[in-house]
Each structure stands twice: as structure tokens, then as C-alpha cells.
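> Got a structure for you, final00.txt, holding compact mmCIF, C-alpha atoms.
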```txt
# COMPACT_ATOMS: atom_id res chain seq x y z
CA MET N 34 -25.35 -5.25 3.63
CA LEU N 35 -22.87 -4.27 0.94
CA GLN N 36 -24.42 -2.80 -2.21
CA LYS N 37 -22.97 -1.63 -5.51
CA GLN N 38 -24.19 0.73 -8.17
CA ARG N 39 -22.67 1.88 -11.43
CA TYR N 40 -23.74 5.26 -12.77
CA GLN N 41 -24.32 5.90 -16.47
CA ASN N 42 -20.90 7.46 -16.92
CA GLY N 43 -19.14 4.44 -15.37
CA VAL N 44 -18.44 5.72 -11.86
CA ARG N 45 -19.05 3.01 -9.27
CA ILE N 46 -20.30 3.44 -5.72
CA ILE N 47 -19.94 0.79 -3.01
CA HIS N 48 -21.95 1.42 0.13
CA GLU N 49 -22.37 -0.47 3.38
CA LYS N 50 -24.81 0.66 6.08
CA MET N 51 -23.74 0.52 9.71
CA PRO N 52 -26.77 2.06 11.49
CA PHE N 53 -25.30 1.44 14.95
CA VAL N 54 -22.56 4.10 14.45
CA ARG N 55 -22.72 7.91 14.18
CA SER N 56 -19.90 8.15 11.67
CA LEU N 57 -19.61 7.96 7.90
CA ALA N 58 -16.36 7.05 6.19
CA ILE N 59 -15.95 8.26 2.61
CA GLY N 60 -13.25 7.23 0.15
CA LEU N 61 -12.59 8.28 -3.44
CA PHE N 62 -10.49 5.53 -5.02
CA VAL N 63 -8.72 6.13 -8.32
CA LYS N 64 -7.12 3.31 -10.28
CA ALA N 65 -3.99 5.31 -10.92
CA GLY N 66 -0.73 4.92 -9.06
CA SER N 67 3.01 4.91 -9.59
CA ASN N 68 2.74 1.84 -11.86
CA ASP N 69 0.93 4.03 -14.39
CA GLU N 70 3.73 6.56 -14.73
CA THR N 71 6.24 6.87 -17.52
CA GLU N 72 9.86 7.28 -16.46
CA GLU N 73 9.54 11.05 -16.99
CA GLU N 74 6.45 11.09 -14.75
CA TRP N 75 8.15 9.25 -11.87
CA GLY N 76 6.44 10.55 -8.71
CA LEU N 77 3.63 12.38 -10.51
CA ALA N 78 0.75 10.28 -9.11
CA HIS N 79 1.91 11.11 -5.58
CA PHE N 80 2.46 14.75 -6.52
CA ILE N 81 -1.12 15.02 -7.79
CA GLU N 82 -2.36 13.56 -4.51
CA HIS N 83 -0.72 16.51 -2.76
CA MET N 84 -1.90 19.11 -5.26
CA LEU N 85 -5.59 18.27 -4.88
CA PHE N 86 -5.38 19.76 -1.37
CA LYS N 87 -3.98 23.11 -2.55
CA GLY N 88 -7.16 24.95 -3.46
CA THR N 89 -9.99 25.04 -5.97
CA THR N 90 -11.85 27.75 -7.88
CA THR N 91 -14.03 28.33 -4.80
CA ARG N 92 -11.92 27.17 -1.83
CA SER N 93 -8.39 27.89 -0.70
CA ALA N 94 -6.26 25.18 0.88
CA ARG N 95 -6.88 26.83 4.26
CA MET N 96 -10.65 26.81 3.72
CA ILE N 97 -10.60 23.09 2.92
CA ALA N 98 -8.69 22.38 6.13
CA GLU N 99 -10.90 24.64 8.24
CA GLN N 100 -14.14 23.17 6.89
CA PHE N 101 -13.08 19.64 7.78
CA ASP N 102 -11.89 20.81 11.19
CA ARG N 103 -15.29 22.35 11.85
CA MET N 104 -16.90 19.03 10.98
CA GLY N 105 -14.73 17.32 13.60
CA GLY N 106 -13.13 15.15 10.95
CA ASP N 107 -10.08 15.31 8.79
CA ILE N 108 -9.25 14.52 5.19
CA ASN N 109 -6.26 12.52 4.11
CA ALA N 110 -4.89 10.65 1.12
CA TYR N 111 -2.29 8.14 0.02
CA THR N 112 -0.76 6.90 -3.20
CA SER N 113 0.25 3.30 -3.81
CA LYS N 114 1.69 1.49 -6.78
CA GLU N 115 -1.77 0.70 -8.17
CA MET N 116 -4.12 3.40 -6.87
CA THR N 117 -4.66 6.75 -5.19
CA CYS N 118 -7.19 7.26 -2.40
CA PHE N 119 -8.69 10.41 -0.83
CA TYR N 120 -10.66 9.71 2.32
CA THR N 121 -12.35 11.18 5.36
CA THR N 122 -14.46 10.11 8.33
CA VAL N 123 -17.08 12.56 9.61
CA LEU N 124 -20.23 12.54 11.70
CA ASP N 125 -23.16 11.29 9.62
CA HIS N 126 -24.93 14.67 9.43
CA HIS N 127 -21.85 16.21 7.76
CA ALA N 128 -21.85 13.68 4.90
CA GLU N 129 -23.15 15.97 2.12
CA GLU N 130 -20.81 18.81 3.06
CA ALA N 131 -17.78 16.50 3.13
CA LEU N 132 -18.66 14.95 -0.23
CA THR N 133 -19.21 18.37 -1.79
CA ILE N 134 -15.72 19.49 -0.78
CA MET N 135 -14.11 16.26 -2.01
CA ALA N 136 -15.86 16.56 -5.37
CA ASP N 137 -14.71 20.17 -5.61
CA MET N 138 -11.11 19.09 -4.99
CA LEU N 139 -11.34 16.41 -7.65
CA PHE N 140 -13.00 18.51 -10.35
CA ASN N 141 -11.95 22.10 -9.69
CA SER N 142 -8.41 22.13 -8.32
CA LEU N 143 -6.46 25.12 -9.64
CA PHE N 144 -2.95 23.64 -9.88
CA ASP N 145 -1.59 27.13 -9.41
CA GLU N 146 2.03 27.47 -10.52
CA ASN N 147 3.12 29.03 -7.22
CA ASP N 148 1.53 26.15 -5.31
CA ILE N 149 3.22 23.64 -7.62
CA GLN N 150 6.62 25.16 -6.91
CA LYS N 151 6.02 25.20 -3.15
CA GLU N 152 4.80 21.61 -3.12
CA LYS N 153 7.92 20.46 -4.94
CA SER N 154 9.90 21.53 -1.86
CA VAL N 155 7.47 19.68 0.41
CA ILE N 156 7.79 16.48 -1.63
CA LEU N 157 11.58 16.72 -1.71
CA ASP N 158 11.57 17.07 2.08
CA GLU N 159 9.35 13.99 2.26
CA ILE N 160 11.82 12.03 0.13
CA ALA N 161 14.69 13.24 2.32
CA SER N 162 12.84 12.01 5.41
CA VAL N 163 12.69 8.52 3.89
CA GLU N 164 16.42 8.63 3.15
CA ASP N 165 16.98 9.69 6.76
CA THR N 166 14.99 6.64 7.94
CA PRO N 167 17.17 3.63 7.10
CA ASP N 168 14.48 0.99 7.72
CA ASP N 169 12.31 2.69 5.06
CA ASP N 170 15.21 3.44 2.71
CA VAL N 171 16.55 -0.12 2.76
CA ASP N 172 13.13 -1.41 1.73
CA GLU N 173 12.73 1.05 -1.15
CA ARG N 174 16.19 0.14 -2.42
CA LEU N 175 15.27 -3.55 -2.28
CA TRP N 176 12.35 -3.00 -4.65
CA SER N 177 14.65 -1.30 -7.15
CA VAL N 178 16.76 -4.48 -7.16
CA MET N 179 13.82 -6.90 -7.35
CA TYR N 180 12.14 -5.11 -10.26
CA PRO N 181 14.69 -3.00 -12.15
CA GLY N 182 13.42 -1.15 -15.18
CA HIS N 183 9.77 -1.49 -14.16
CA PRO N 184 7.57 1.12 -12.42
CA ILE N 185 6.74 -1.32 -9.61
CA GLY N 186 10.38 -1.22 -8.58
CA ARG N 187 10.47 2.58 -8.38
CA SER N 188 9.75 4.56 -5.23
CA ILE N 189 6.29 6.12 -5.15
CA GLY N 190 7.59 9.55 -4.16
CA GLY N 191 9.77 10.07 -7.22
CA VAL N 192 13.24 11.58 -7.54
CA LYS N 193 14.58 15.13 -7.59
CA ASP N 194 15.02 15.44 -11.38
CA THR N 195 11.49 14.38 -12.29
CA ILE N 196 9.85 16.35 -9.50
CA HIS N 197 11.56 19.55 -10.62
CA SER N 198 10.09 19.02 -14.10
CA PHE N 199 6.43 18.79 -13.02
CA ASN N 200 4.02 21.49 -14.20
CA LYS N 201 0.31 22.06 -14.64
CA GLU N 202 0.27 20.62 -18.14
CA MET N 203 1.82 17.33 -16.97
CA ILE N 204 -0.65 17.08 -14.09
CA GLU N 205 -3.67 17.65 -16.32
CA ARG N 206 -2.37 15.24 -18.97
CA TYR N 207 -1.88 12.47 -16.41
CA MET N 208 -5.31 13.08 -14.87
CA SER N 209 -6.96 13.13 -18.29
CA ARG N 210 -5.35 9.78 -19.02
CA HIS N 211 -6.14 8.05 -15.73
CA TYR N 212 -8.77 9.96 -13.72
CA SER N 213 -11.57 8.66 -15.92
CA ALA N 214 -15.04 7.60 -14.82
CA GLU N 215 -14.32 3.89 -15.18
CA ASN N 216 -11.30 4.29 -12.89
CA ILE N 217 -13.26 5.89 -10.04
CA VAL N 218 -14.83 4.06 -7.10
CA ILE N 219 -16.64 5.91 -4.32
CA SER N 220 -16.83 3.85 -1.16
CA ILE N 221 -18.90 4.82 1.86
CA ALA N 222 -19.54 2.92 5.08
CA GLY N 223 -21.39 3.99 8.18
CA ASN N 224 -24.69 5.66 8.98
CA PHE N 225 -26.45 7.16 5.94
CA ASP N 226 -29.78 7.10 4.12
CA ASP N 227 -30.68 6.39 0.50
CA GLN N 228 -30.95 10.10 -0.28
CA LEU N 229 -27.17 10.35 0.09
CA ILE N 230 -26.67 7.84 -2.73
CA SER N 231 -28.67 10.06 -5.09
CA PHE N 232 -26.70 13.08 -3.88
CA ILE N 233 -23.42 11.35 -4.73
CA GLU N 234 -24.67 10.58 -8.23
CA THR N 235 -25.50 14.25 -8.73
CA LEU N 236 -22.01 15.28 -7.61
CA PHE N 237 -20.07 12.83 -9.75
CA ASN N 238 -22.12 12.64 -12.93
CA SER N 239 -19.92 15.32 -14.52
CA PHE N 240 -17.22 12.74 -15.18
CA ILE N 241 -16.98 12.20 -18.92
CA LYS N 242 -17.52 8.58 -19.89
CA ASN N 243 -14.25 7.63 -21.50
CA ARG N 244 -11.80 4.79 -21.26
CA SER N 245 -8.48 5.34 -19.54
CA THR N 246 -5.19 4.77 -21.30
CA LYS N 247 -2.80 2.56 -19.39
CA THR N 248 0.79 3.72 -19.71
CA ASN N 249 2.54 0.42 -19.09
CA ASP N 250 0.17 -2.15 -20.57
CA GLY N 251 2.06 -5.28 -21.56
CA LEU N 252 5.13 -4.39 -19.51
CA LEU N 253 5.06 -7.21 -16.97
CA PRO N 254 7.37 -7.04 -13.95
CA VAL N 255 9.98 -9.78 -13.71
CA PHE N 256 11.66 -10.57 -10.38
CA HIS N 257 15.45 -10.25 -10.30
CA ASN N 258 17.93 -11.39 -7.71
CA GLY N 259 20.77 -9.03 -6.94
CA ARG N 260 22.22 -6.82 -4.27
CA THR N 261 22.48 -3.19 -3.29
CA THR N 262 24.63 -1.85 -0.46
CA LYS N 263 24.53 1.71 0.84
CA TYR N 264 27.18 2.86 3.28
CA LYS N 265 25.98 5.31 5.89
CA ASP N 266 27.36 6.60 9.17
CA ILE N 267 24.62 5.19 11.42
CA GLU N 268 24.53 3.11 14.59
CA GLN N 269 22.57 0.17 13.18
CA ALA N 270 22.84 -2.07 10.15
CA HIS N 271 19.63 -2.70 8.20
CA ILE N 272 18.97 -5.56 5.80
CA CYS N 273 16.07 -6.71 3.63
CA LEU N 274 15.92 -10.09 1.93
CA GLY N 275 13.48 -10.22 -0.99
CA TYR N 276 11.91 -13.24 -2.66
CA PRO N 277 9.35 -13.58 -5.47
CA GLY N 278 5.79 -13.66 -4.13
CA LEU N 279 2.27 -14.02 -5.52
CA SER N 280 -0.13 -11.71 -7.30
CA ILE N 281 -3.30 -10.64 -5.53
CA THR N 282 -5.37 -12.90 -7.79
CA ASP N 283 -3.36 -16.06 -7.08
CA ASP N 284 -5.43 -18.83 -5.49
CA ARG N 285 -2.52 -19.65 -3.17
CA LEU N 286 -2.36 -16.19 -1.62
CA HIS N 287 -3.78 -17.30 1.73
CA ASP N 288 -1.10 -20.00 1.90
CA LEU N 289 1.53 -17.26 1.63
CA ILE N 290 -0.24 -14.98 4.12
CA LEU N 291 -0.21 -17.75 6.73
CA LEU N 292 3.42 -18.55 5.95
CA ASP N 293 4.26 -14.89 6.55
CA SER N 294 2.58 -15.05 9.97
CA ILE N 295 4.62 -18.12 10.90
CA ILE N 296 7.95 -16.81 9.64
CA GLY N 297 7.99 -13.19 10.82
CA GLY N 298 4.59 -11.57 10.78
CA THR N 299 3.77 -11.92 14.50
CA MET N 300 5.42 -11.85 17.93
CA SER N 301 5.22 -15.63 18.12
CA SER N 302 6.82 -16.09 14.68
CA ARG N 303 10.04 -18.02 14.23
CA MET N 304 12.11 -14.97 13.30
CA PHE N 305 10.91 -12.86 16.22
CA GLN N 306 11.26 -15.60 18.80
CA LYS N 307 14.68 -16.82 17.65
CA ILE N 308 16.39 -13.57 16.69
CA ARG N 309 14.93 -11.17 19.24
CA GLU N 310 13.66 -13.19 22.18
CA GLU N 311 16.16 -16.08 22.28
CA LYS N 312 19.35 -14.55 20.90
CA GLY N 313 18.73 -10.84 21.53
CA LEU N 314 20.25 -9.94 18.16
CA ALA N 315 17.74 -7.29 17.07
CA TYR N 316 15.01 -5.03 18.33
CA SER N 317 13.13 -5.09 15.03
CA VAL N 318 12.81 -8.18 12.86
CA PHE N 319 9.80 -9.13 10.76
CA SER N 320 8.52 -10.34 7.40
CA TYR N 321 5.80 -9.06 5.10
CA TYR N 322 4.24 -9.88 1.74
CA SER N 323 3.10 -7.47 -0.98
CA SER N 324 0.67 -8.57 -3.67
CA TYR N 325 -0.30 -6.64 -6.79
CA MET N 326 -2.24 -7.49 -9.93
CA THR N 327 0.73 -8.85 -11.87
CA THR N 328 3.29 -9.79 -9.25
CA GLY N 329 4.22 -9.88 -5.59
CA SER N 330 7.14 -10.15 -3.20
CA PHE N 331 7.98 -11.67 0.16
CA VAL N 332 10.40 -9.64 2.29
CA ILE N 333 12.29 -10.29 5.52
CA TYR N 334 13.74 -7.31 7.41
CA GLY N 335 16.10 -6.98 10.34
CA GLY N 336 17.84 -4.06 11.99
CA THR N 337 20.72 -4.67 14.39
CA GLY N 338 24.09 -3.48 15.60
CA PRO N 339 26.73 -3.95 12.88
CA GLU N 340 28.58 -6.42 15.10
CA HIS N 341 25.50 -8.69 15.09
CA LEU N 342 24.54 -8.39 11.41
CA GLU N 343 26.38 -11.47 10.16
CA GLU N 344 24.98 -13.66 12.96
CA MET N 345 21.46 -12.30 12.45
CA VAL N 346 21.50 -13.09 8.72
CA SER N 347 22.99 -16.51 9.42
CA THR N 348 20.13 -17.18 11.83
CA MET N 349 17.61 -16.02 9.24
CA ASP N 350 19.14 -18.39 6.70
CA GLN N 351 19.08 -21.24 9.21
CA LEU N 352 15.38 -20.69 9.96
CA ILE N 353 14.55 -20.53 6.25
CA ALA N 354 16.51 -23.73 5.58
CA GLU N 355 14.65 -25.50 8.40
CA ILE N 356 11.28 -24.49 6.96
CA VAL N 357 12.28 -25.63 3.47
CA ALA N 358 13.58 -28.97 4.77
CA ASP N 359 11.07 -29.79 7.50
CA GLY N 360 8.09 -27.52 6.85
CA VAL N 361 5.94 -25.73 9.40
CA THR N 362 4.02 -27.59 12.08
CA GLU N 363 0.30 -28.16 12.48
CA LYS N 364 0.39 -26.12 15.70
CA GLU N 365 2.04 -23.18 13.94
CA LEU N 366 -0.54 -23.30 11.17
CA LEU N 367 -3.45 -23.45 13.61
CA ASN N 368 -2.07 -20.49 15.59
CA ALA N 369 -1.51 -18.53 12.38
CA LYS N 370 -5.08 -19.19 11.24
CA GLN N 371 -6.49 -17.99 14.57
CA GLN N 372 -4.31 -14.90 14.54
CA LEU N 373 -5.20 -14.03 10.94
CA LYS N 374 -8.94 -14.49 11.50
CA GLY N 375 -8.79 -12.41 14.66
CA SER N 376 -6.91 -9.52 13.07
CA PHE N 377 -9.19 -9.62 10.02
CA LEU N 378 -12.40 -9.52 12.06
CA LEU N 379 -11.17 -6.94 14.56
CA GLY N 380 -10.00 -4.80 11.66
CA LEU N 381 -13.59 -4.47 10.43
CA GLU N 382 -14.96 -2.91 13.61
CA SER N 383 -14.84 0.68 12.31
CA SER N 384 -16.62 2.40 9.45
CA GLU N 385 -13.29 3.57 8.04
CA SER N 386 -11.84 0.06 7.85
CA ARG N 387 -14.97 -1.20 6.09
CA MET N 388 -14.84 1.67 3.63
CA HIS N 389 -11.20 0.96 2.75
CA ARG N 390 -11.76 -2.78 2.35
CA ASN N 391 -14.77 -2.33 0.09
CA GLY N 392 -13.17 0.39 -2.02
CA LYS N 393 -9.97 -1.54 -2.64
CA ASN N 394 -11.79 -4.76 -3.45
CA GLU N 395 -14.01 -3.04 -6.02
CA LEU N 396 -11.25 -0.98 -7.61
CA ILE N 397 -8.65 -3.73 -7.93
CA LEU N 398 -10.64 -6.97 -8.03
CA SER N 399 -14.21 -5.93 -8.87
CA GLU N 400 -15.42 -8.58 -6.45
CA HIS N 401 -16.40 -8.78 -2.80
CA LYS N 402 -16.06 -11.89 -0.67
CA THR N 403 -18.22 -11.95 2.42
CA ILE N 404 -16.61 -12.08 5.84
CA ASP N 405 -17.66 -15.72 6.18
CA GLU N 406 -16.14 -16.54 2.80
CA VAL N 407 -12.80 -15.02 3.80
CA VAL N 408 -12.79 -16.88 7.12
CA GLY N 409 -13.66 -20.06 5.21
CA LEU N 410 -10.70 -19.59 2.86
CA ILE N 411 -8.37 -19.23 5.83
CA ASP N 412 -9.76 -22.35 7.50
CA LYS N 413 -9.39 -24.41 4.31
CA VAL N 414 -5.64 -23.86 3.98
CA GLN N 415 -3.80 -27.17 4.34
CA LEU N 416 -0.39 -27.75 5.89
CA GLU N 417 0.89 -29.26 2.65
CA ASN N 418 -0.04 -26.13 0.72
CA VAL N 419 1.85 -23.84 3.12
CA ASN N 420 4.93 -26.06 2.96
CA ASN N 421 4.75 -26.14 -0.84
CA ILE N 422 4.67 -22.36 -1.08
CA ALA N 423 7.56 -22.14 1.39
CA ARG N 424 9.71 -24.43 -0.75
CA GLU N 425 8.70 -22.60 -3.92
CA THR N 426 9.52 -19.21 -2.41
CA PHE N 427 12.75 -19.88 -0.56
CA THR N 428 14.54 -22.12 -3.05
CA LYS N 429 14.75 -19.24 -5.54
CA GLU N 430 17.57 -16.72 -5.73
CA ARG N 431 16.87 -13.68 -3.56
CA ALA N 432 17.51 -9.97 -3.68
CA ILE N 433 19.41 -8.25 -0.86
CA SER N 434 19.43 -4.63 0.30
CA ILE N 435 21.79 -3.42 3.03
CA ILE N 436 22.38 -0.05 4.68
CA ALA N 437 25.23 -0.08 7.18
CA PRO N 438 28.40 1.74 8.31
CA LYS N 439 31.19 1.13 5.82
CA LYS N 440 33.74 0.10 8.45
CA ALA N 441 31.45 -2.61 9.74
CA MET N 442 30.75 -4.04 6.29
CA LYS N 443 34.46 -4.60 5.66
CA ARG N 444 34.44 -7.25 8.37
CA ILE N 445 31.20 -8.98 7.34
CA ARG N 446 30.49 -11.67 4.77
CA ILE N 447 26.87 -11.83 3.63
```
Render the structure in this file as C-alpha cells.


Amino acid sequence: MLQKQRYQNGVRIIHEKMPFVRSLAIGLFVKAGSNDETEEEWGLAHFIEHMLFKGTTTRSARMIAEQFDRMGGDINAYTSKEMTCFYTTVLDHHAEEALTIMADMLFNSLFDENDIQKEKSVILDEIASVEDTPDDDVDERLWSVMYPGHPIGRSIGGVKDTIHSFNKEMIERYMSRHYSAENIVISIAGNFDDQLISFIETLFNSFIKNRSTKTNDGLLPVFHNGRTTKYKDIEQAHICLGYPGLSITDDRLHDLILLDSIIGGTMSSRMFQKIREEKGLAYSVFSYYSSYMTTGSFVIYGGTGPEHLEEMVSTMDQLIAEIVADGVTEKELLNAKQQLKGSFLLGLESSESRMHRNGKNELILSEHKTIDEVVGLIDKVQLENVNNIARETFTKERAISIIAPKKAMKRIRI
């Protein structure tokens, strides 16, 4: 059973017992991501994620890695547009040790200047790896077109100029502003006893009870249509088509999720079957949706040989036009519902997946639907609702991002 507690200083803990496993998944969720950065701080949330692994007043970076290795687990982290998460999965009898190290990283990281300089090089290499991966790069460039001038449209990793400017003072100022008690959720799932809950409170009661200051309050993202083209000497052409989507709090979100499954989210989807299986135009073609607190987007991606790009996009447009004109079928909707319920339920088999679901729900939504409630919401979606959201989405002007060889683009009209 899922339980929630809020400590006196505002830190929340979400815990779910799974006594049939030997593992414990632990996540520290912070409501601070790239959306909370100023333009000068672009990439700082992600940079801080890296720096918390670089040593504390009592542990070196090597010691942190070795201690988790000895526990048979590992520790990892990620930064998104709305949050940062540090997480690990260990055997249940290592729970207190793992939590002690994670608290040490959060409270006592040194942010040594030499480590800061070294990590700048690591981050710049990470950014370069994205630029060397066209299917990632084309997507990041799409977001800059869809939401220009807003943090949600910026890449999470940052850019060279801002990264070079980062220092200990900037890190501590950002953390003071956003790493507040009310912005922290500790999520655990797996095999544990009630004594561990008291232990966690002891570890995290040193957070000062203060309210965070949101950098971009009132600056709402507005979707823009437009186009960006990057010429690159590569073998394939890559394209993303972006449309306005829904926020994570929108009551119609499950309509959009099922539409995504039908259009390009699965192997039986229209895009995959028509473009890959029937016409053989692309190895990789899919759609996805992204939903945040204030906005969302629906994206269709395809990667193909430059000689097939125009036909692939024409086929995409034809499929979209058919859905707008004729809608999806009852059979497609039923299959999508079964697929979505199956992936949702199978995704909750591990302690780590439960921990992530619970932590995100508490941090972003402050609510927790039961598994049966989620399945019920999927089952209740009506064909008319899916067709309405399809018409609403695909009759609006779209954004386009292309990465392709320059010679090929001279012969193509898109």
C-alpha cells in the first residue's frame, strides 16, 4: 500500500512496501529542472546533477562509486525540464547505507573548483555526442522552434558559453533557490520496515523550511510553428514534425496517449505499418507525446535515405489527413487500450519502476491514482474523444526540424 508522510520541515516521503522482493529502490526527487533556469544559467540544473557525484566533505567521488559497487547496486541521476532525480536500487539490507551516502551528496558536496573545471569538459563532450547523433539533435532543434524564448524550448544540457561561466557561487545560488524542503520528495519502494522511515526523517530533517523561488513564474510557453534546417554530411535525412499537445493536468491526456499509440507509438501503428512495413521507406519512424505542467507537444519522427525523404513526409501527411477526415477505428482504439494497459501494468513489476512512478506523481501532481483508477481511465476513453483530439491537434500549423545532406535538400520540397 502506498503511504505518504510530510516532515515538519516540508520534505515529503512516499513509500510502498513490496515484501515479496529483496530489493529497495530509492529516489530523491527535486522540483528543479531546466525550466527553472535563467538564460545565463542555461544547463546549470544538469551541471549540478553531475557535480553531486564529485565528492563530499567525507567521501571522494571514487569512494561513492566504490561503496555502491560493494552494495551490488549503482547510483544514477537524470535532469528533465521540470525536475532532477537521484536514484539507486540496492538489496534491502543496504538501505541505510545507501540513504546515508545520498544524503551526504545532497548536503555536503564540495563543488571543488578543479572538479567544476573538469566536469565542464565532460558536459561539453556530452553535448557534442548529441550533436553527433542526428536523431537526438533533430528533436532538440525542434523544441527550440516550438517554444522559442522559453526555457522549455532550450536543451537541458546547455550551451558552451553558459557552461564555461559556471562556478561554485552559481551552483550554490541555484540550489539555495530551488533545493528547498518543499521541493524535495523521497520515494522508496521495495522491502523495508518502519524503522527505515524514521531513519530517513533523521537524515533529511536538516533541510531548512523555506519556500523556493521560481525563476520563470508567469512566463507561460506558447507553441510556435516554424522550421529549422541543418545541413550535415550524413547518410540519412532526419525529420521531426511538431504539433501543440496537452499539459499533464489536462483531462483529455489519455485521449492523446491512445492517439499516439495508433499513429506511431507501436509496431502496429499506422506510421510504422505504412512507412516501414508496406513501403520500406524508413528503418525508424515513430511518434511520441510530451506533457508538462503548462504545455505539451506531439511529435512525429522519421529517419530515411535522402532520396526517400520527400515520399516519407508525403506519406506522413497523407496518414494525418486520413485521420483528420475519417478518424481512427474502433478496432484501433481497442488495440491501443489493450497495449497501453499492458505496458502500464508490466512496467510496475519492479521496485524501481514503482519508486519512479510514485516520486514523479507526488512531486509534479501531488496526487496518486491507484492502478485500477488508471486502467479505468484508459477503458473510459471514447472513440469520439480520440477523433476530436486528432482534429484539434493536426489542423494547427506545425513546426518542422530537418537534418540532412545539403545536396539532397536542394532536390526536395517539404

> Calculated over all atoms listed in the file, which of the candidates N:Asp125, N:Asp405, N:Glu355, N:Glu99 has the smallest distance to N:Thr428?

N:Glu355

> Taking (16.2, -15.6, 19.3) in the file's coordinates as the center, which residues reach within 12 Å of it, counting all atoms listed in the file, put as a list in words?

Met300, Ser301, Ser302, Arg303, Met304, Phe305, Gln306, Lys307, Ile308, Arg309, Glu310, Glu311, Lys312, Gly313, Leu314, Ala315, Tyr316, Ser317, Val318, Glu344, Met345, Thr348, Met349, Gln351 and Leu352 of chain N

> With distances taken over only C-alpha atoms, which of N:Glu425, N:Glu73, N:Glu130, N:Glu395 is nearest to N:Glu215?

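Among the listed residues, the smallest separation from N:Glu215 belongs to N:Glu395.
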
> Give as an NGL selection string every residue, naming chains and numbers as the document does, that has an atom within 9 Å of (10.0, 12.8, -7.0), counting all atoms listed in the file.

:N and (74-77 or 79-80 or 153 or 156-157 or 160 or 188-197)

> Check the smallest atom-to-atom distance from each of N:Gln415, N:Thr90, N:Glu70, N:Gln150 to N:Arg187 using only C-alpha atoms, then report the winner.

N:Glu70

> If you measure from atom CA of N:Arg92 to atom CA of N:Tyr212, what distance in Å do you get, rounded to one decimal?

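So the two atoms, atom CA of N:Arg92 and atom CA of N:Tyr212, lie 21.2 Å apart.
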
> Could you give me, as a VMD selection string, the residues within 7 Å of stretch 260-263 of chain N, counting all atoms listed in the file and dropping anything in the same chain fewer than 6 positions from it?

chain N and resid 178 432 to 437

> For atom CA of N:Gly88 and atom CA of N:Asn391, quote the distance in Å rounded to one decimal.

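So the answer is 28.5 Å.
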
> Given the choices N:Ser324, N:Ser239, N:Ser347, N:Ser93, which gets closest to N:Ala136 if the distance is worked out from all atoms listed in the file?

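The shortest atom-to-atom distance to N:Ala136 comes from N:Ser239.
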
> Could you state the separation of atom CA of N:Ser56 and atom CA of N:Gly43 in Å, given to one decimal place?

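Atom CA of N:Gly43 lies 27.3 Å from atom CA of N:Ser56.
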
> Looking at all atoms listed in the file, which of N:Ala423, N:Val218, N:Ile447, N:Ala441 is the one that sits closest to N:Tyr276?

N:Ala423

> Which one is closest to N:Gly223: N:Ser384, N:Ser154, N:Ser162, N:Gln371? Count all atoms listed in the file.

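That would be N:Ser384, the residue with the smallest distance to N:Gly223.
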
> Leaving out N:Lys50 and any residue of its chain fewer than 2 positions from it, which residues lie within 8 Å of it when counting only C-alpha atoms, given as a ChimeraX atom specification?

/N:34-35,48,52,222-225
